[in-house]
>>> print(open('run03.cif').read())   # mmCIF, C-alpha atoms
data_upload
#
loop_
_atom_site.label_atom_id
_atom_site.label_comp_id
_atom_site.auth_asym_id
_atom_site.auth_seq_id
_atom_site.Cartn_x
_atom_site.Cartn_y
_atom_site.Cartn_z
CA MET A 224 165.98 78.50 99.18
CA ASP A 225 164.73 81.97 100.16
CA LYS A 226 162.55 82.07 97.06
CA ALA A 227 161.01 78.70 97.92
CA LEU A 228 160.33 79.74 101.51
CA GLY A 229 158.91 83.02 100.26
CA LEU A 230 156.56 81.10 98.00
CA VAL A 231 155.45 78.86 100.89
CA LYS A 232 154.83 81.94 103.01
CA LYS A 233 152.85 83.57 100.20
CA GLU A 234 150.78 80.43 99.68
CA LEU A 235 150.12 80.11 103.42
CA GLN A 236 149.08 83.75 103.69
CA LYS A 237 146.74 83.33 100.74
CA SER A 238 144.96 80.25 102.12
CA LEU A 239 145.91 80.17 105.78
CA LEU A 240 142.65 78.64 107.00
CA ASP A 241 142.74 75.91 104.36
CA TYR A 242 146.26 74.84 105.27
CA LEU A 243 145.51 75.11 108.97
CA LEU A 244 142.59 72.74 108.41
CA LEU A 245 144.77 70.27 106.50
CA PHE A 246 147.56 70.42 109.07
CA THR A 247 145.12 70.04 111.98
CA SER A 248 143.54 67.02 110.32
CA GLY A 249 147.05 65.59 109.97
CA VAL A 250 147.68 66.09 113.70
CA PHE A 251 144.35 64.38 114.49
CA PHE A 252 145.31 61.59 112.09
CA LEU A 253 148.49 60.99 114.13
CA LEU A 254 146.61 61.23 117.43
CA PHE A 255 144.06 58.65 116.28
CA LEU A 256 146.84 56.35 115.06
CA LYS A 257 148.45 56.65 118.48
CA THR A 258 145.12 55.88 120.18
CA PHE A 259 144.40 52.89 117.95
CA GLN A 260 147.97 51.58 117.96
CA GLY A 261 147.84 47.79 117.68
CA GLU A 262 144.20 47.84 116.48
CA ARG A 263 144.69 47.18 112.80
CA PHE A 264 141.12 47.72 111.63
CA LEU A 265 140.71 51.06 113.41
CA SER A 266 144.16 52.18 112.24
CA PHE A 267 143.16 51.42 108.67
CA VAL A 268 139.86 53.29 109.07
CA THR A 269 141.92 56.28 110.31
CA ILE A 270 144.15 56.16 107.22
CA LEU A 271 141.11 55.80 104.96
CA THR A 272 139.41 58.81 106.58
CA PHE A 273 142.53 60.99 106.34
CA THR A 274 143.04 60.06 102.66
CA PHE A 275 139.44 60.90 101.76
CA PHE A 276 139.70 64.12 103.75
CA TYR A 277 142.84 65.06 101.79
CA ILE A 278 141.12 64.44 98.44
CA ILE A 279 138.01 66.40 99.49
CA TRP A 280 140.24 69.15 100.90
CA GLY A 281 142.09 69.38 97.55
CA ILE A 282 138.84 69.66 95.59
CA TYR A 283 137.38 72.22 98.02
CA HIS A 284 140.59 74.27 98.06
CA HIS A 285 140.75 74.52 94.28
CA ILE A 286 137.03 75.29 93.99
CA ASP A 287 137.59 78.06 96.54
CA ASN A 288 140.50 79.40 94.47
CA LYS A 289 138.43 79.01 91.30
CA ALA A 290 141.14 76.76 89.88
CA LEU A 291 139.63 73.29 89.85
CA THR A 292 140.18 71.19 86.74
CA LEU A 293 139.69 67.50 86.09
CA LYS A 294 143.49 67.04 85.93
CA ILE A 295 143.96 68.63 89.36
CA MET A 296 141.22 66.46 90.86
CA LEU A 297 142.78 63.36 89.28
CA GLU A 298 146.17 64.25 90.80
CA TYR A 299 144.77 64.30 94.34
CA ILE A 300 142.87 61.05 93.72
CA LEU A 301 145.91 59.26 92.23
CA ILE A 302 148.26 60.32 95.03
CA GLY A 303 145.70 59.53 97.74
CA PHE A 304 144.68 56.12 96.39
CA THR A 305 148.24 55.04 95.56
CA ILE A 306 149.31 55.69 99.15
CA LEU A 307 146.14 54.02 100.43
CA LEU A 308 146.84 50.89 98.36
CA PHE A 309 150.45 50.69 99.52
CA LEU A 310 149.34 50.96 103.15
CA ALA A 311 146.42 48.53 102.66
CA ILE A 312 148.96 45.81 101.83
CA LEU A 313 150.36 46.14 105.35
CA PHE A 314 146.97 45.42 106.90
CA PRO A 315 145.16 42.08 107.02
CA MET B 282 176.07 57.77 79.07
CA MET B 283 176.53 59.99 82.13
CA GLN B 284 175.09 62.93 80.22
CA ARG B 285 171.98 60.94 79.30
CA PHE B 286 171.53 59.88 82.91
CA LYS B 287 171.81 63.51 84.03
CA GLU B 288 169.25 64.60 81.47
CA ALA B 289 166.83 61.84 82.54
CA PHE B 290 167.31 62.77 86.20
CA HIS B 291 166.72 66.44 85.37
CA TYR B 292 163.64 65.58 83.31
CA PHE B 293 162.20 63.46 86.15
CA PHE B 294 162.85 65.82 89.07
CA VAL B 295 163.26 69.40 87.82
CA PRO B 296 160.57 71.47 86.09
CA SER B 297 161.65 72.85 82.72
CA GLU B 298 160.22 73.55 79.29
CA LYS B 299 161.03 69.96 78.27
CA ASN B 300 158.59 68.54 80.80
CA ASN B 301 155.98 71.26 80.50
CA LEU B 302 157.26 73.13 83.59
CA ARG B 303 156.46 70.26 85.94
CA ALA B 304 158.76 67.46 87.19
CA LYS B 305 157.97 64.41 85.04
CA GLY B 306 157.63 62.31 88.17
CA LEU B 307 154.49 64.30 89.00
CA HIS B 308 152.85 64.05 85.60
CA HIS B 309 149.61 62.13 85.38
CA ASP B 310 151.13 59.28 83.36
CA PHE B 311 153.72 58.71 86.10
CA LEU B 312 151.14 59.07 88.89
CA THR B 313 149.05 56.47 87.07
CA PHE B 314 152.14 54.26 86.78
CA TYR B 315 152.68 54.43 90.58
CA PHE B 316 149.02 53.61 91.07
CA VAL B 317 149.29 50.54 88.81
CA ILE B 318 152.36 49.33 90.75
CA ALA B 319 150.47 49.73 94.04
CA LEU B 320 147.43 47.97 92.58
CA THR B 321 149.59 45.07 91.33
CA LEU B 322 151.28 44.65 94.72
CA PHE B 323 147.90 44.85 96.42
CA PHE B 324 146.45 42.06 94.28
CA LEU B 325 149.57 39.95 94.77
CA ALA B 326 149.21 40.35 98.52
CA LYS B 327 145.46 40.07 98.85
CA GLY B 328 144.26 38.35 95.70
CA PRO B 329 144.23 34.69 94.66
CA LEU B 330 148.02 34.66 94.25
CA LYS B 331 148.69 35.36 97.92
CA ASN B 332 149.17 31.68 98.79
CA VAL B 333 151.87 31.38 96.14
CA THR B 334 153.77 34.51 96.99
CA HIS B 335 154.09 34.40 100.77
CA ASN B 336 153.27 32.51 103.90
CA VAL B 337 152.06 35.15 106.27
CA LEU B 338 148.93 35.47 104.16
CA GLY B 339 146.58 38.10 105.49
CA TYR B 340 148.69 38.47 108.61
CA ALA B 341 151.01 41.25 107.66
CA THR B 342 154.07 40.81 109.83
CA ASP B 343 157.72 39.93 109.55
CA ILE B 344 158.35 38.63 113.06
CA SER B 345 160.53 35.57 113.48
CA ILE B 346 161.46 33.57 116.55
CA PRO B 347 165.22 33.39 115.73
CA LYS B 348 165.28 37.19 115.42
CA LEU B 349 163.39 37.70 118.69
CA TYR B 350 165.75 35.27 120.42
CA GLN B 351 168.82 37.00 118.98
CA LEU B 352 167.59 40.49 119.93
CA THR B 353 166.67 39.39 123.47
CA ASN B 354 170.13 37.96 124.04
CA GLU B 355 171.74 41.06 122.52
CA GLU B 356 169.92 43.19 125.09
CA ARG B 357 171.18 40.92 127.89
CA GLN B 358 174.74 41.04 126.55
CA LYS B 359 174.60 44.84 126.42
CA ASN B 360 173.87 44.70 130.16
CA SER B 361 176.65 42.18 130.88
CA LEU B 362 174.22 39.35 131.51
CA SER B 363 174.54 35.77 130.34
CA SER B 364 172.62 34.69 127.24
CA LEU B 365 169.39 32.79 127.70
CA SER B 366 169.16 29.24 126.37
CA TYR B 367 166.32 28.51 124.02
CA ASN B 368 164.01 26.04 125.73
CA GLN B 369 161.49 24.03 123.72
CA GLU B 370 159.24 23.39 126.76
CA LEU B 371 158.93 27.14 127.36
CA ALA B 372 158.29 27.59 123.63
CA ASN B 373 155.52 24.99 123.82
CA ALA B 374 154.08 26.78 126.85
CA ALA B 375 154.18 30.08 124.94
CA THR B 376 152.40 28.48 121.97
CA LYS B 377 149.72 27.01 124.25
CA LYS B 378 149.26 30.41 125.88
CA ALA B 379 148.83 32.15 122.52
CA GLN B 380 146.39 29.49 121.31
CA ASP B 381 144.45 29.81 124.58
CA MET B 382 144.14 33.58 124.05
CA PHE B 383 142.69 33.00 120.58
CA THR B 384 140.39 30.18 121.73
CA LYS B 385 139.02 32.05 124.76
CA ASN B 386 139.26 35.44 123.03
CA TYR B 387 141.23 37.44 125.61
CA TRP B 388 144.33 39.62 125.68
CA ALA B 389 145.77 39.33 129.18
CA HIS B 390 148.29 37.47 131.29
CA TYR B 391 145.46 35.66 133.04
CA ALA B 392 142.68 33.82 131.22
CA PRO B 393 139.07 34.71 132.12
CA ASP B 394 138.72 31.23 133.68
CA GLY B 395 141.68 31.91 135.97
CA THR B 396 144.34 29.98 134.04
CA THR B 397 147.73 31.56 134.75
CA PRO B 398 150.84 31.62 132.55
CA TRP B 399 152.44 29.28 135.08
CA ASN B 400 149.84 26.60 134.29
CA PHE B 401 151.05 26.53 130.69
CA ILE B 402 154.70 26.35 131.75
CA LEU B 403 154.11 23.50 134.19
CA SER B 404 151.85 21.58 131.81
CA SER B 405 154.62 21.73 129.21
CA GLY B 406 156.90 19.88 131.61
CA TYR B 407 159.10 22.80 132.67
CA GLN B 408 159.51 22.81 136.46
CA TYR B 409 160.61 26.30 137.38
CA GLU B 410 162.06 28.21 140.24
CA PHE B 411 161.47 31.56 138.52
CA ALA B 412 159.24 32.24 135.56
CA GLY B 413 158.07 35.26 133.61
CA GLU B 414 155.96 36.23 130.62
CA ASN B 415 155.97 39.11 128.12
CA LEU B 416 153.21 39.58 125.55
CA ALA B 417 152.94 41.63 122.35
CA LYS B 418 150.38 41.88 119.58
CA ASN B 419 150.15 43.31 116.08
CA PHE B 420 153.73 44.43 115.61
CA LEU B 421 155.22 44.34 112.14
CA PHE B 422 158.85 43.57 112.94
CA SER B 423 160.79 41.64 115.59
CA GLN B 424 162.95 44.67 116.33
CA ASN B 425 159.88 46.78 117.20
CA VAL B 426 158.65 44.09 119.61
CA VAL B 427 161.91 43.93 121.56
CA ASP B 428 162.29 47.73 121.47
CA ALA B 429 158.79 48.15 122.94
CA TRP B 430 159.53 45.63 125.69
CA MET B 431 162.80 47.37 126.49
CA THR B 432 161.10 50.75 126.88
CA SER B 433 158.58 49.36 129.38
CA PRO B 434 160.19 49.02 132.84
CA THR B 435 158.36 45.80 133.79
CA HIS B 436 159.01 44.02 130.49
CA ARG B 437 162.59 45.22 130.49
CA GLU B 438 162.98 43.78 133.99
CA ASN B 439 161.90 40.38 132.68
CA ILE B 440 164.38 40.49 129.79
CA LEU B 441 167.23 41.62 132.03
CA ARG B 442 166.46 39.46 135.07
CA SER B 443 169.70 37.74 135.96
CA GLN B 444 167.91 34.75 137.53
CA PHE B 445 166.41 33.62 134.23
CA ALA B 446 168.34 30.97 132.33
CA ASP B 447 165.90 29.88 129.62
CA VAL B 448 163.53 31.50 127.19
CA GLY B 449 160.89 30.29 124.74
CA PHE B 450 158.87 32.17 122.13
CA ALA B 451 155.69 31.75 120.17
CA VAL B 452 154.51 33.87 117.24
CA VAL B 453 150.96 32.86 116.48
CA ASN B 454 148.44 34.29 114.03
CA GLY B 455 144.72 34.04 114.57
CA VAL B 456 141.53 36.00 115.10
CA LEU B 457 141.17 37.93 118.36
CA ASN B 458 138.07 40.03 119.00
CA GLY B 459 137.09 39.58 115.37
CA GLU B 460 140.39 40.96 114.08
CA GLU B 461 143.27 39.09 112.47
CA THR B 462 146.02 39.38 115.03
CA THR B 463 149.65 38.36 115.46
CA LEU B 464 150.48 37.46 119.05
CA VAL B 465 154.01 37.18 120.40
CA VAL B 466 154.48 35.33 123.67
CA GLN B 467 157.86 35.29 125.39
CA MET B 468 158.27 33.00 128.40
CA PHE B 469 161.26 33.01 130.71
CA GLY B 470 162.28 30.45 133.26
CA LYS B 471 164.91 29.17 135.59
CA PRO B 472 164.62 25.46 136.16
CA ALA B 473 163.89 24.32 139.71
CA GLY B 474 166.84 22.78 141.47
CA ALA B 475 169.40 24.91 139.63
CA SER B 476 172.29 26.54 141.50
CA VAL B 477 170.83 29.71 143.11
CA ALA B 478 168.66 28.81 146.10
CA LYS B 479 166.10 31.50 146.71
CA ALA B 480 162.46 31.64 147.62
CA PRO B 481 160.56 30.79 144.44
CA VAL B 482 159.13 33.85 142.76
CA ALA B 483 157.50 34.13 139.41
CA GLN B 484 158.11 37.48 137.82
CA GLN B 485 155.59 38.69 135.40
CA ALA B 486 155.27 41.95 133.55
CA ALA B 487 151.85 42.95 134.79
CA ALA B 488 151.38 41.02 138.00
CA THR B 489 153.19 38.78 140.44
CA PRO B 490 151.13 35.73 141.23
CA THR B 491 152.16 33.02 143.67
CA PRO B 492 153.66 30.30 141.56
CA THR B 493 153.30 26.60 141.98
CA THR B 494 156.66 25.36 143.09
CA SER B 495 158.03 21.96 142.46
CA ALA B 496 160.88 19.95 143.83
CA VAL B 497 161.51 18.28 140.51
CA ALA B 498 164.70 19.57 138.97
CA GLN B 499 165.55 19.60 135.29
CA ALA B 500 167.31 16.28 135.08
CA GLN B 501 167.66 16.01 131.34
CA PRO B 502 170.63 17.55 129.57
CA PRO B 503 169.79 20.44 127.28
CA GLN B 504 168.68 19.20 123.90
CA PRO B 505 169.32 20.84 120.57
CA VAL B 506 166.37 22.99 119.67
CA SER B 507 165.30 24.13 116.26
CA LEU B 508 163.98 27.67 116.11
CA ASN B 509 161.02 27.66 113.81
CA ASN B 510 161.11 30.76 111.65
CA SER B 511 157.47 30.78 110.59
CA PRO B 512 154.61 32.02 112.75
CA LEU B 513 151.83 29.59 113.45
CA VAL B 514 148.59 30.31 111.69
CA LEU B 515 145.58 28.98 113.54
CA ALA B 516 143.09 27.11 111.38
CA GLN B 517 145.02 27.92 108.26
CA GLN B 518 147.37 25.82 106.24
CA GLN B 519 150.89 27.14 105.90
CA THR B 520 152.71 27.23 102.62
CA LYS B 521 156.40 27.49 101.93
CA PRO B 522 157.32 31.12 101.24
CA THR B 523 158.75 31.84 97.82
CA VAL B 524 158.91 35.64 98.02
CA ASN B 525 158.81 37.76 101.15
CA LEU B 526 156.04 39.92 99.76
CA PHE B 527 155.49 41.65 103.07
CA HIS B 528 159.06 42.99 103.12
CA LEU B 529 158.80 43.90 99.44
CA SER B 530 155.54 45.79 100.02
CA PHE B 531 156.83 47.55 103.11
CA ASN B 532 160.01 48.66 101.32
CA ALA B 533 158.02 49.67 98.23
CA THR B 534 155.78 51.84 100.43
CA TYR B 535 158.78 53.58 101.98
CA ILE B 536 160.51 54.02 98.62
CA PHE B 537 157.37 55.43 97.00
CA LEU B 538 156.65 57.86 99.85
CA SER B 539 160.26 59.05 99.96
CA LEU B 540 160.46 59.40 96.17
CA LEU B 541 157.21 61.35 96.06
CA LEU B 542 158.40 63.67 98.82
CA ILE B 543 161.72 64.27 97.01
CA ILE B 544 160.04 64.96 93.65
CA LEU B 545 157.52 67.33 95.28
CA ALA B 546 160.31 69.17 97.11
CA THR B 547 162.64 69.50 94.10
CA ASP B 548 159.77 70.48 91.79
CA PHE B 549 158.63 73.14 94.25
CA TYR B 550 162.19 74.39 94.89
CA PHE B 551 163.15 74.76 91.23
CA ALA B 552 159.76 76.15 90.22
CA SER B 553 160.15 78.92 92.80
CA LYS B 554 163.82 79.44 91.91
CA PHE B 555 163.08 79.87 88.21
CA LYS B 556 159.87 81.78 89.00
CA VAL B 557 157.81 79.33 86.97
CA ILE B 558 154.13 80.25 86.83
CA ARG B 559 151.98 77.14 86.65
CA PHE B 560 148.38 76.14 86.90
CA HIS B 561 148.19 72.85 88.78
CA SER B 562 147.58 71.29 92.19
CA LYS B 563 149.46 72.44 95.30
CA ASN B 564 152.76 70.75 96.14
CA LEU B 565 152.54 72.11 99.68
CA ALA B 566 149.30 70.19 100.32
CA HIS B 567 150.78 66.99 98.91
CA VAL B 568 153.91 67.45 101.06
CA ILE B 569 151.81 67.88 104.23
CA PHE B 570 149.78 64.76 103.37
CA VAL B 571 152.79 62.56 102.50
CA PHE B 572 154.73 63.83 105.52
CA MET B 573 151.87 62.94 107.90
CA ILE B 574 151.55 59.47 106.34
CA ILE B 575 155.31 58.84 106.75
CA MET B 576 155.14 60.03 110.38
CA GLY B 577 152.19 57.71 111.03
CA LEU B 578 153.96 54.77 109.41
CA VAL B 579 157.20 55.28 111.33
CA LEU B 580 155.74 56.22 114.71
CA PHE B 581 152.62 54.07 115.03
CA LEU B 582 151.71 51.77 112.16
CA SER B 583 154.76 49.53 112.43
CA LYS B 584 154.23 49.14 116.18
CA GLY B 585 151.68 47.20 118.18
CA VAL B 586 150.86 46.91 121.85
CA ILE B 587 152.55 45.05 124.67
CA LEU B 588 151.25 43.58 127.89
#
>>> encode(input="run03.cif", output="structure tokens")
Amino acid sequence: MDKALGLVKKELQKSLLDYLLLFTSGVFFLLFLKTFQGERFLSFVTILTFTFFYIIWGIYHHIDNKALTLKIMLEYILIGFTILLFLAILFP
Amino acid sequence: MMQRFKEAFHYFFVPSEKNNLRAKGLHHDFLTFYFVIALTLFFLAKGPLKNVTHNVLGYATDISIPKLYQLTNEERQKNSLSSLSYNQELANAATKKAQDMFTKNYWAHYAPDGTTPWNFILSSGYQYEFAGENLAKNFLFSQNVVDAWMTSPTHRENILRSQFADVGFAVVNGVLNGEETTLVVQMFGKPAGASVAKAPVAQQAAATPTPTTSAVAQAQPPQPVSLNNSPLVLAQQQTKPTVNLFHLSFNATYIFLSLLLIILATDFYFASKFKVIRFHSKNLAHVIFVFMIIMGLVLFLSKGVIL
């Protein structure tokens, strides 16, 4: 467990601003969901925005680390869109 | 057999040389597989097959009147209060109220033209001594509706008011402010002329209007009432449900998110434990994203608003 935590710490130290940006966007995502609670369309727009932000963040982060490949980009897109589709079913 | 299961489990969750130092559950073929499952469910729910597979159609909810009735009475029993009887006249009043909100496009206890909840109750033939109304919209589950009412002091007061003897519900789907909406209306009442003699007061969650009182008591004996399980859908034909696709989709979403989180965590844990050096996307970013989505789903997306 110590090794895993050490790796998280190392990763955070390496790209602190990137992760801070992702985490902050996550907090805003929750705040917007709270604000639009009961408003299905606006809630869905919030999810859509957060998902696209996450994909763009992933691409930007890997470009910044000079480690972007098509496979990496595809991974972010697949995870993001799969979650988006699952959640879209719950909305009219 | 057990050994093969262990190996498959290991291959799916733990990075090793066999799976190219990455949990198989995170490989692109598996991520594509999850995507195809989500796409299939999406088309079943939203595509041309939706009429065959479920009855709530575009209105994604799993709220039922029997469940709301059961949960309301459970809350009363927890507080040593008598159970409420299901009253069809109050249910009719609740349905009329919900339909009125859709027709006149408002979300309030009082209609813009001044119609009060008590008008609906009286016009349904229920002569009351006490009456009350709770409203909810866009919840996903019956439990969330009753939980939200119980956390609001005024709505809780309605549910736990000892004077009330009857209750009626309506769950109606329609379009409100241009958005497909599920409205839940709960109406309480105590028939006029019943045992407790007090000044007539209508208790409502948001306001206390002066009710119309009547000397007519409930003369008829209580009649057996059937609790309709399906929500009304305004201007839309209902079909008999064959599969509860909404429940299936909701559970599939939870299972997928949980599975993804577990695979990401185990992959990250074992990769760091075995000091595996890899060149791929960041598990930490995926974990933050999935975690936020789960939080949003649990805290806000399954809940609506009450009035």
>>> resolve_selection(input="run03.cif", expression="the PyMOL selection byres ((chain A) within 8 of (chain B))", output="PyMOL selection string")
chain A and resi 224+226-227+230-231+242+245-246+249-250+252-253+256-257+260-264+266+277+281+285+290+294-295+297-299+301-302+304-306+308-315
>>> residues_around(input="run03.cif", residues="Asn373 in chain B", least_positions_apart="2", cutoff="9 Å", atoms="all atoms listed in the file", output="list of chain:residue names")
B:Asn368, B:Gln369, B:Glu370, B:Leu371, B:Ala375, B:Thr376, B:Lys377, B:Lys378, B:Phe401, B:Ile402, B:Ser405, B:Gly449, B:Phe450, B:Ala451
>>> atom_distance(input="run03.cif", atom1="CA of Thr397 in chain B", atom2="CA of Asp381 in chain B")
10.8 Å
>>> resolve_selection(input="run03.cif", expression="the PyMOL selection byres ((chain B and resi 447) around 6)", output="VMD selection string")
chain B and resid 365 to 368 445 to 446 448 469 to 470
>>> atom_distance(input="run03.cif", atom1="CA of Gln444 in chain B", atom2="CA of Gly413 in chain B")
10.6 Å
>>> atom_distance(input="run03.cif", atom1="CA of Phe267 in chain A", atom2="CA of Gln380 in chain B")
25.5 Å
>>> resolve_selection(input="run03.cif", expression="the PyMOL selection byres ((chain B and resi 415) around 6)", output="PDB file with C-alpha atoms, in the coordinates of the input")
ATOM      1  CA  GLU B 414     155.960  36.230 130.620  1.00  0.00           C
ATOM      2  CA  LEU B 416     153.210  39.580 125.550  1.00  0.00           C
ATOM      3  CA  GLN B 467     157.860  35.290 125.390  1.00  0.00           C
TER       4      GLN B 467
END
>>> decode(input="run03.cif", residues="range 251-278 of chain A", atoms="N, CA and C atoms", output="PDB file, in the first residue's frame")
ATOM      1  N   PHE A 251     -16.632  21.355  -9.205  1.00  0.00           N
ATOM      2  CA  PHE A 251     -17.618  22.205  -9.893  1.00  0.00           C
ATOM      3  C   PHE A 251     -18.736  21.365 -10.512  1.00  0.00           C
ATOM      4  N   PHE A 252     -18.346  20.200 -11.026  1.00  0.00           N
ATOM      5  CA  PHE A 252     -19.328  19.273 -11.602  1.00  0.00           C
ATOM      6  C   PHE A 252     -20.380  18.915 -10.537  1.00  0.00           C
ATOM      7  N   LEU A 253     -19.911  18.599  -9.330  1.00  0.00           N
ATOM      8  CA  LEU A 253     -20.846  18.250  -8.249  1.00  0.00           C
ATOM      9  C   LEU A 253     -21.684  19.458  -7.822  1.00  0.00           C
ATOM     10  N   LEU A 254     -21.050  20.628  -7.780  1.00  0.00           N
ATOM     11  CA  LEU A 254     -21.787  21.841  -7.398  1.00  0.00           C
ATOM     12  C   LEU A 254     -22.891  22.167  -8.409  1.00  0.00           C
ATOM     13  N   PHE A 255     -22.566  22.011  -9.691  1.00  0.00           N
ATOM     14  CA  PHE A 255     -23.574  22.269 -10.733  1.00  0.00           C
ATOM     15  C   PHE A 255     -24.706  21.244 -10.663  1.00  0.00           C
ATOM     16  N   LEU A 256     -24.343  19.978 -10.389  1.00  0.00           N
ATOM     17  CA  LEU A 256     -25.386  18.956 -10.259  1.00  0.00           C
ATOM     18  C   LEU A 256     -26.311  19.286  -9.094  1.00  0.00           C
ATOM     19  N   LYS A 257     -25.725  19.792  -8.017  1.00  0.00           N
ATOM     20  CA  LYS A 257     -26.514  20.178  -6.842  1.00  0.00           C
ATOM     21  C   LYS A 257     -27.444  21.344  -7.227  1.00  0.00           C
ATOM     22  N   THR A 258     -26.891  22.317  -7.953  1.00  0.00           N
ATOM     23  CA  THR A 258     -27.679  23.490  -8.357  1.00  0.00           C
ATOM     24  C   THR A 258     -28.819  23.097  -9.290  1.00  0.00           C
ATOM     25  N   PHE A 259     -28.534  22.174 -10.214  1.00  0.00           N
ATOM     26  CA  PHE A 259     -29.547  21.805 -11.205  1.00  0.00           C
ATOM     27  C   PHE A 259     -30.314  20.546 -10.803  1.00  0.00           C
ATOM     28  N   GLN A 260     -30.275  20.193  -9.546  1.00  0.00           N
ATOM     29  CA  GLN A 260     -30.960  18.989  -9.086  1.00  0.00           C
ATOM     30  C   GLN A 260     -32.441  19.054  -9.468  1.00  0.00           C
ATOM     31  N   GLY A 261     -32.936  18.028 -10.107  1.00  0.00           N
ATOM     32  CA  GLY A 261     -34.341  18.002 -10.527  1.00  0.00           C
ATOM     33  C   GLY A 261     -34.546  18.557 -11.918  1.00  0.00           C
ATOM     34  N   GLU A 262     -33.539  19.259 -12.469  1.00  0.00           N
ATOM     35  CA  GLU A 262     -33.619  19.783 -13.845  1.00  0.00           C
ATOM     36  C   GLU A 262     -32.830  18.828 -14.726  1.00  0.00           C
ATOM     37  N   ARG A 263     -33.539  17.907 -15.351  1.00  0.00           N
ATOM     38  CA  ARG A 263     -32.847  16.818 -16.048  1.00  0.00           C
ATOM     39  C   ARG A 263     -31.968  17.283 -17.209  1.00  0.00           C
ATOM     40  N   PHE A 264     -32.471  18.233 -17.978  1.00  0.00           N
ATOM     41  CA  PHE A 264     -31.696  18.681 -19.148  1.00  0.00           C
ATOM     42  C   PHE A 264     -30.382  19.328 -18.699  1.00  0.00           C
ATOM     43  N   LEU A 265     -30.482  20.234 -17.733  1.00  0.00           N
ATOM     44  CA  LEU A 265     -29.275  20.934 -17.270  1.00  0.00           C
ATOM     45  C   LEU A 265     -28.310  19.975 -16.572  1.00  0.00           C
ATOM     46  N   SER A 266     -28.854  18.996 -15.870  1.00  0.00           N
ATOM     47  CA  SER A 266     -27.996  17.988 -15.227  1.00  0.00           C
ATOM     48  C   SER A 266     -27.231  17.209 -16.297  1.00  0.00           C
ATOM     49  N   PHE A 267     -27.934  16.879 -17.385  1.00  0.00           N
ATOM     50  CA  PHE A 267     -27.270  16.123 -18.442  1.00  0.00           C
ATOM     51  C   PHE A 267     -26.200  16.970 -19.139  1.00  0.00           C
ATOM     52  N   VAL A 268     -26.501  18.247 -19.337  1.00  0.00           N
ATOM     53  CA  VAL A 268     -25.509  19.150 -19.945  1.00  0.00           C
ATOM     54  C   VAL A 268     -24.261  19.208 -19.053  1.00  0.00           C
ATOM     55  N   THR A 269     -24.469  19.213 -17.735  1.00  0.00           N
ATOM     56  CA  THR A 269     -23.349  19.233 -16.777  1.00  0.00           C
ATOM     57  C   THR A 269     -22.483  17.975 -16.931  1.00  0.00           C
ATOM     58  N   ILE A 270     -23.143  16.824 -17.050  1.00  0.00           N
ATOM     59  CA  ILE A 270     -22.405  15.562 -17.210  1.00  0.00           C
ATOM     60  C   ILE A 270     -21.628  15.567 -18.535  1.00  0.00           C
ATOM     61  N   LEU A 271     -22.313  16.043 -19.572  1.00  0.00           N
ATOM     62  CA  LEU A 271     -21.696  16.109 -20.901  1.00  0.00           C
ATOM     63  C   LEU A 271     -20.449  16.991 -20.868  1.00  0.00           C
ATOM     64  N   THR A 272     -20.567  18.149 -20.223  1.00  0.00           N
ATOM     65  CA  THR A 272     -19.445  19.095 -20.139  1.00  0.00           C
ATOM     66  C   THR A 272     -18.277  18.474 -19.375  1.00  0.00           C
ATOM     67  N   PHE A 273     -18.583  17.833 -18.244  1.00  0.00           N
ATOM     68  CA  PHE A 273     -17.523  17.240 -17.423  1.00  0.00           C
ATOM     69  C   PHE A 273     -16.821  16.116 -18.186  1.00  0.00           C
ATOM     70  N   THR A 274     -17.593  15.317 -18.925  1.00  0.00           N
ATOM     71  CA  THR A 274     -17.002  14.206 -19.689  1.00  0.00           C
ATOM     72  C   THR A 274     -16.059  14.739 -20.774  1.00  0.00           C
ATOM     73  N   PHE A 275     -16.527  15.766 -21.500  1.00  0.00           N
ATOM     74  CA  PHE A 275     -15.674  16.334 -22.546  1.00  0.00           C
ATOM     75  C   PHE A 275     -14.429  16.988 -21.934  1.00  0.00           C
ATOM     76  N   PHE A 276     -14.620  17.626 -20.776  1.00  0.00           N
ATOM     77  CA  PHE A 276     -13.477  18.235 -20.104  1.00  0.00           C
ATOM     78  C   PHE A 276     -12.437  17.172 -19.748  1.00  0.00           C
ATOM     79  N   TYR A 277     -12.935  16.027 -19.236  1.00  0.00           N
ATOM     80  CA  TYR A 277     -12.049  14.928 -18.834  1.00  0.00           C
ATOM     81  C   TYR A 277     -11.251  14.393 -20.034  1.00  0.00           C
ATOM     82  N   ILE A 278     -11.915  14.247 -21.173  1.00  0.00           N
ATOM     83  CA  ILE A 278     -11.231  13.748 -22.378  1.00  0.00           C
ATOM     84  C   ILE A 278     -10.179  14.774 -22.840  1.00  0.00           C
TER      85      ILE A 278
END
